[in-house]
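Colleague: Sharing upload31.pdb here; it has PDB, C-alpha atoms.
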```pdb
MODEL        1
ATOM      1  CA  GLN A   1      -2.737   0.702  14.531
ATOM      2  CA  TYR A   2      -5.127   3.474  15.428
ATOM      3  CA  ASN A   3      -7.636   5.107  13.144
ATOM      4  CA  LEU A   4      -7.702   8.397  15.023
ATOM      5  CA  VAL A   5      -4.545  10.448  15.474
ATOM      6  CA  GLN A   6      -4.327  12.607  18.557
ATOM      7  CA  SER A   7      -2.123  15.593  19.269
ATOM      8  CA  GLY A   8      -1.718  18.020  22.118
ATOM      9  CA  GLY A   9      -1.315  17.158  25.738
ATOM     10  CA  GLY A  10       1.782  17.402  27.886
ATOM     11  CA  LEU A  11       2.749  18.953  31.199
ATOM     12  CA  VAL A  12       0.925  22.003  32.538
ATOM     13  CA  GLN A  13       0.679  23.759  35.873
ATOM     14  CA  PRO A  14      -2.606  23.849  37.797
ATOM     15  CA  GLY A  15      -4.864  26.520  36.366
ATOM     16  CA  GLY A  16      -3.278  26.201  32.964
ATOM     17  CA  SER A  17      -4.779  25.237  29.623
ATOM     18  CA  LEU A  18      -4.209  22.662  26.933
ATOM     19  CA  GLN A  19      -5.930  21.757  23.686
ATOM     20  CA  LEU A  20      -6.209  18.232  22.360
ATOM     21  CA  SER A  21      -6.931  17.435  18.720
ATOM     22  CA  CYS A  22      -8.321  14.302  17.117
ATOM     23  CA  VAL A  23      -7.995  13.653  13.384
ATOM     24  CA  PRO A  24      -9.118  10.513  11.545
ATOM     25  CA  SER A  25      -6.735   8.546   9.404
ATOM     26  CA  GLY A  26      -8.207   7.497   6.102
ATOM     27  CA  PHE A  27     -11.820   8.524   6.557
ATOM     28  CA  ALA A  28     -14.003  11.571   7.145
ATOM     29  CA  LEU A  29     -15.458  12.333  10.552
ATOM     30  CA  ASP A  30     -18.622  13.932   9.157
ATOM     31  CA  TYR A  31     -20.955  11.076  10.091
ATOM     32  CA  TYR A  32     -19.332  10.197  13.394
ATOM     33  CA  ALA A  33     -20.117  11.436  16.856
ATOM     34  CA  VAL A  34     -16.927  11.834  18.854
ATOM     35  CA  GLY A  35     -16.245  11.352  22.518
ATOM     36  CA  TRP A  36     -13.270  12.136  24.704
ATOM     37  CA  PHE A  37     -12.337   9.732  27.458
ATOM     38  CA  ARG A  38      -9.572   9.644  30.005
ATOM     39  CA  GLN A  39      -7.947   7.026  32.157
ATOM     40  CA  ALA A  40      -5.917   7.773  35.246
ATOM     41  CA  PRO A  41      -3.561   5.165  36.734
ATOM     42  CA  GLY A  42      -5.506   2.503  38.568
ATOM     43  CA  LYS A  43      -8.860   3.849  37.422
ATOM     44  CA  GLU A  44     -11.384   2.898  34.774
ATOM     45  CA  ARG A  45     -11.734   4.796  31.519
ATOM     46  CA  GLU A  46     -14.027   7.773  32.092
ATOM     47  CA  GLY A  47     -16.088   9.474  29.413
ATOM     48  CA  ILE A  48     -15.751  13.228  29.826
ATOM     49  CA  SER A  49     -17.178  14.928  26.751
ATOM     50  CA  GLY A  50     -18.935  14.190  23.504
ATOM     51  CA  ILE A  51     -20.149  15.959  20.400
ATOM     52  CA  SER A  52     -22.735  14.970  17.827
ATOM     53  CA  SER A  53     -21.787  14.532  14.183
ATOM     54  CA  SER A  54     -23.513  17.832  13.388
ATOM     55  CA  GLY A  55     -21.620  19.610  16.141
ATOM     56  CA  ALA A  56     -24.870  21.021  17.473
ATOM     57  CA  VAL A  57     -25.102  18.889  20.591
ATOM     58  CA  THR A  58     -22.446  18.381  23.244
ATOM     59  CA  ASN A  59     -22.321  16.661  26.591
ATOM     60  CA  TYR A  60     -19.939  16.790  29.515
ATOM     61  CA  ALA A  61     -19.186  14.876  32.667
ATOM     62  CA  ASP A  62     -19.723  16.861  35.839
ATOM     63  CA  SER A  63     -16.011  16.626  36.577
ATOM     64  CA  VAL A  64     -15.136  18.820  33.588
ATOM     65  CA  LYS A  65     -18.279  20.864  32.998
ATOM     66  CA  GLY A  66     -17.519  24.569  32.820
ATOM     67  CA  ARG A  67     -13.793  23.983  32.293
ATOM     68  CA  PHE A  68     -13.570  21.867  29.133
ATOM     69  CA  THR A  69     -15.072  22.645  25.744
ATOM     70  CA  ILE A  70     -15.472  20.198  22.892
ATOM     71  CA  SER A  71     -15.804  21.416  19.329
ATOM     72  CA  ARG A  72     -15.404  20.167  15.807
ATOM     73  CA  ASP A  73     -14.485  21.568  12.430
ATOM     74  CA  ASN A  74     -15.768  19.156   9.826
ATOM     75  CA  ALA A  75     -14.078  21.147   7.064
ATOM     76  CA  LYS A  76     -10.758  20.368   8.767
ATOM     77  CA  ASN A  77     -11.907  16.874   9.752
ATOM     78  CA  THR A  78     -10.876  17.606  13.327
ATOM     79  CA  VAL A  79     -12.385  17.458  16.801
ATOM     80  CA  TYR A  80     -10.890  19.521  19.603
ATOM     81  CA  LEU A  81     -10.991  19.422  23.375
ATOM     82  CA  GLN A  82     -10.075  22.743  24.964
ATOM     83  CA  MET A  83      -9.154  22.230  28.603
ATOM     84  CA  ASN A  84      -8.990  25.259  30.880
ATOM     85  CA  ASN A  85      -8.373  25.667  34.595
ATOM     86  CA  LEU A  86      -6.702  22.290  34.731
ATOM     87  CA  LYS A  87      -6.385  20.522  38.065
ATOM     88  CA  PRO A  88      -4.022  17.793  39.242
ATOM     89  CA  THR A  89      -7.027  15.441  39.228
ATOM     90  CA  ASP A  90      -7.210  15.909  35.447
ATOM     91  CA  THR A  91      -3.938  14.025  35.093
ATOM     92  CA  ALA A  92      -4.631  11.025  32.876
ATOM     93  CA  VAL A  93      -4.178   9.549  29.436
ATOM     94  CA  TYR A  94      -6.804  11.072  27.170
ATOM     95  CA  TYR A  95      -8.407   9.204  24.263
ATOM     96  CA  CYS A  96     -10.765  10.251  21.503
ATOM     97  CA  GLY A  97     -13.256   7.798  20.077
ATOM     98  CA  ALA A  98     -15.574   7.938  17.084
ATOM     99  CA  VAL A  99     -18.936   6.215  16.775
ATOM    100  CA  VAL A 100     -21.651   6.048  14.121
ATOM    101  CA  LEU A 101     -25.020   6.528  15.786
ATOM    102  CA  GLY A 102     -27.200   6.102  12.722
ATOM    103  CA  PRO A 103     -28.361   8.015   9.639
ATOM    104  CA  THR A 104     -30.844  10.200  11.536
ATOM    105  CA  ALA A 105     -28.725  10.773  14.627
ATOM    106  CA  GLU A 106     -26.731  13.812  13.559
ATOM    107  CA  ASN A 107     -27.951  15.659  16.648
ATOM    108  CA  ARG A 108     -27.319  12.921  19.172
ATOM    109  CA  ALA A 109     -24.364  13.213  21.478
ATOM    110  CA  PRO A 110     -22.338  10.019  21.827
ATOM    111  CA  PRO A 111     -22.688   7.817  24.905
ATOM    112  CA  LEU A 112     -20.019   8.596  27.469
ATOM    113  CA  ASP A 113     -20.748   5.512  29.559
ATOM    114  CA  MET A 114     -20.421   2.950  26.761
ATOM    115  CA  PRO A 115     -16.858   2.979  25.386
ATOM    116  CA  GLY A 116     -17.449  -0.471  23.910
ATOM    117  CA  GLU A 117     -19.826   1.049  21.373
ATOM    118  CA  TYR A 118     -17.143   3.140  19.691
ATOM    119  CA  ASP A 119     -15.842   2.168  16.274
ATOM    120  CA  TYR A 120     -12.440   3.853  16.294
ATOM    121  CA  TRP A 121      -9.987   5.081  18.896
ATOM    122  CA  GLY A 122      -6.980   7.332  19.084
ATOM    123  CA  GLN A 123      -3.611   6.303  20.422
ATOM    124  CA  GLY A 124      -3.981   8.241  23.663
ATOM    125  CA  THR A 125      -2.116  11.295  24.842
ATOM    126  CA  GLN A 126      -0.781  12.028  28.312
ATOM    127  CA  VAL A 127      -1.914  15.099  30.222
ATOM    128  CA  PHE A 128       0.019  15.810  33.409
ATOM    129  CA  VAL A 129      -1.060  18.635  35.677
ATOM    130  CA  SER A 130       1.444  19.483  38.348
ATOM    131  CA  SER A 131       3.264  22.414  39.891
TER
ENDMDL
END
```
Could you spell out this file's structure in structure tokens?
Modeller:
Amino acid sequence: QYNLVQSGGGLVQPGGSLQLSCVPSGFALDYYAVGWFRQAPGKEREGISGISSSGAVTNYADSVKGRFTISRDNAKNTVYLQMNNLKPTDTAVYYCGAVVLGPTAENRAPPLDMPGEYDYWGQGTQVFVSS
């Protein structure tokens, strides 16, 4: 059972775009910072992007900076990851995670190097980039 429901993903050619969505099941995301992670076969889970609960602060791994954009719509209780200019090296299972950072941390981006700190996870969605 997962508390975050993911959608999007699939097969895309190099240079193409995809958008992933992350929606909580049974709670509101307003007070949670959200991170996106990915795991390629044989590799460790990698944190690639995060957004503060306010939406004002974002962070990105160097591997995706300039190509991926994270955003959130708290009115729709949804966090998005827009992925442009996809490369074969982006092929992986992508996960969203939600974490409470504290009552005064609305402008703190979530830690991308500490997946163990996250409270909830999505089920994962496959992204496959190939010609």
Colleague: Output the residue selection produced by the PyMOL selection byres ((chain A and resi 92-95) around 8) on the file above, formatted as a JSON list (two decimals) with C-alpha atoms, in the frame of the given file.
Modeller:
```json
[["chain", "number", "residue", "atom", "x", "y", "z"],
["A", 6, "GLN", "CA", -4.33, 12.61, 18.56],
["A", 36, "TRP", "CA", -13.27, 12.14, 24.70],
["A", 37, "PHE", "CA", -12.34, 9.73, 27.46],
["A", 38, "ARG", "CA", -9.57, 9.64, 30.00],
["A", 39, "GLN", "CA", -7.95, 7.03, 32.16],
["A", 40, "ALA", "CA", -5.92, 7.77, 35.25],
["A", 41, "PRO", "CA", -3.56, 5.16, 36.73],
["A", 90, "ASP", "CA", -7.21, 15.91, 35.45],
["A", 91, "THR", "CA", -3.94, 14.02, 35.09],
["A", 96, "CYS", "CA", -10.76, 10.25, 21.50],
["A", 97, "GLY", "CA", -13.26, 7.80, 20.08],
["A", 121, "TRP", "CA", -9.99, 5.08, 18.90],
["A", 122, "GLY", "CA", -6.98, 7.33, 19.08],
["A", 123, "GLN", "CA", -3.61, 6.30, 20.42],
["A", 124, "GLY", "CA", -3.98, 8.24, 23.66],
["A", 125, "THR", "CA", -2.12, 11.30, 24.84],
["A", 126, "GLN", "CA", -0.78, 12.03, 28.31],
["A", 127, "VAL", "CA", -1.91, 15.10, 30.22],
["A", 128, "PHE", "CA", 0.02, 15.81, 33.41]]
```
Colleague: Expand the PyMOL selection byres ((chain A and resi 68-80) around 8) into the individual residues it matches in the shown file, reporting them as a list in words.
Modeller: Gln19, Leu20, Ser21, Cys22, Val23, Pro24, Ala28, Leu29, Asp30, Val34, Ser49, Gly50, Ile51, Gly55, Thr58, Val64, Lys65, Gly66, Arg67, Leu81, Gln82, Met83 and Asn84 of chain A
Colleague: In Å to one decimal, how far is atom CA of A:Ser52 from atom CA of A:Ala105?
Modeller: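 Distance reported for this atom pair: 8.0 Å.
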Colleague: When you draw a straight line from atom CA of A:Leu86 to atom CA of A:Ser7, how long is it in Å?
Modeller: 17.5 Å
Colleague: Between atom CA of A:Val99 and atom CA of A:Tyr32, what is the distance, to one decimal in Å?
Modeller: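 Separating atom CA of A:Val99 from atom CA of A:Tyr32 is a distance of 5.2 Å.
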Colleague: Kindly resolve the PyMOL selection byres ((chain A and resi 61) around 9) on the present coordinates and return the residues as a list in words.
Modeller: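 Applying the PyMOL selection byres ((chain A and resi 61) around 9) to the structure shown produces Glu46, Gly47, Ile48, Ser49, Asn59, Tyr60, Asp62, Ser63, Val64, Lys65 and Leu112 of chain A.
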Colleague: Would you compute the box with edges along x, y and z of the file around stretch 8-25 of chain A, including every atom the file lists for it and 3 Å extra on each side, and give its centre and edge lengths in Å to one decimal, as lines of an AutoDock Vina configuration file?
Modeller:
```
center_x = -3.2
center_y = 17.5
center_z = 23.6
size_x = 17.9
size_y = 24.0
size_z = 34.4
```
Colleague: Applying 6 Å and all atoms listed in the file, which residues near A:Tyr118 remain after dropping the ones on its own chain fewer than 2 positions away? List them as a list in words.
Modeller: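 Near A:Tyr118, the qualifying residues are Ala98, Val99, Pro115, Gly116 and Tyr120 of chain A.
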Colleague: Kindly export the residues of the current selection with C-alpha atoms, as a PDB file, in the frame of the given file.
Modeller:
```pdb
ATOM      1  CA  ALA A  98     -15.574   7.938  17.084  1.00  0.00           C
ATOM      2  CA  VAL A  99     -18.936   6.215  16.775  1.00  0.00           C
ATOM      3  CA  PRO A 115     -16.858   2.979  25.386  1.00  0.00           C
ATOM      4  CA  GLY A 116     -17.449  -0.471  23.910  1.00  0.00           C
ATOM      5  CA  TYR A 120     -12.440   3.853  16.294  1.00  0.00           C
TER       6      TYR A 120
END
```
Colleague: So which one's closest to A:Pro103, A:Ser17, A:Ser53, A:Asn3, A:Ser25? Using all atoms listed in the file, please.
Modeller: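 Looking only at the distances to A:Pro103, the closest residue turns out to be A:Ser53.
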Colleague: Might you pull out every residue within 8 Å of A:Tyr31, with all atoms listed in the file counted and same-chain residues fewer than 4 positions away left off, and present them as a ChimeraX atom specification?
Modeller: /A:53-54,100,106
Colleague: For each of A:Gly15, A:Ala33, A:Ala56, A:Thr104, take the minimum atom-to-atom distance to A:Asp119, counting only C-alpha atoms, then give the residue where this is smallest.
Modeller: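 Of A:Gly15, A:Ala33, A:Ala56, A:Thr104, the one nearest A:Asp119, counting only C-alpha atoms, is A:Ala33.
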Colleague: Which residue is closest to A:Val5? Choose from A:Gly42, A:Gly102, A:Gly26, A:Pro88 and count all atoms listed in the file.
Modeller: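 Using all atoms listed in the file, A:Val5 sits closest to A:Gly26.
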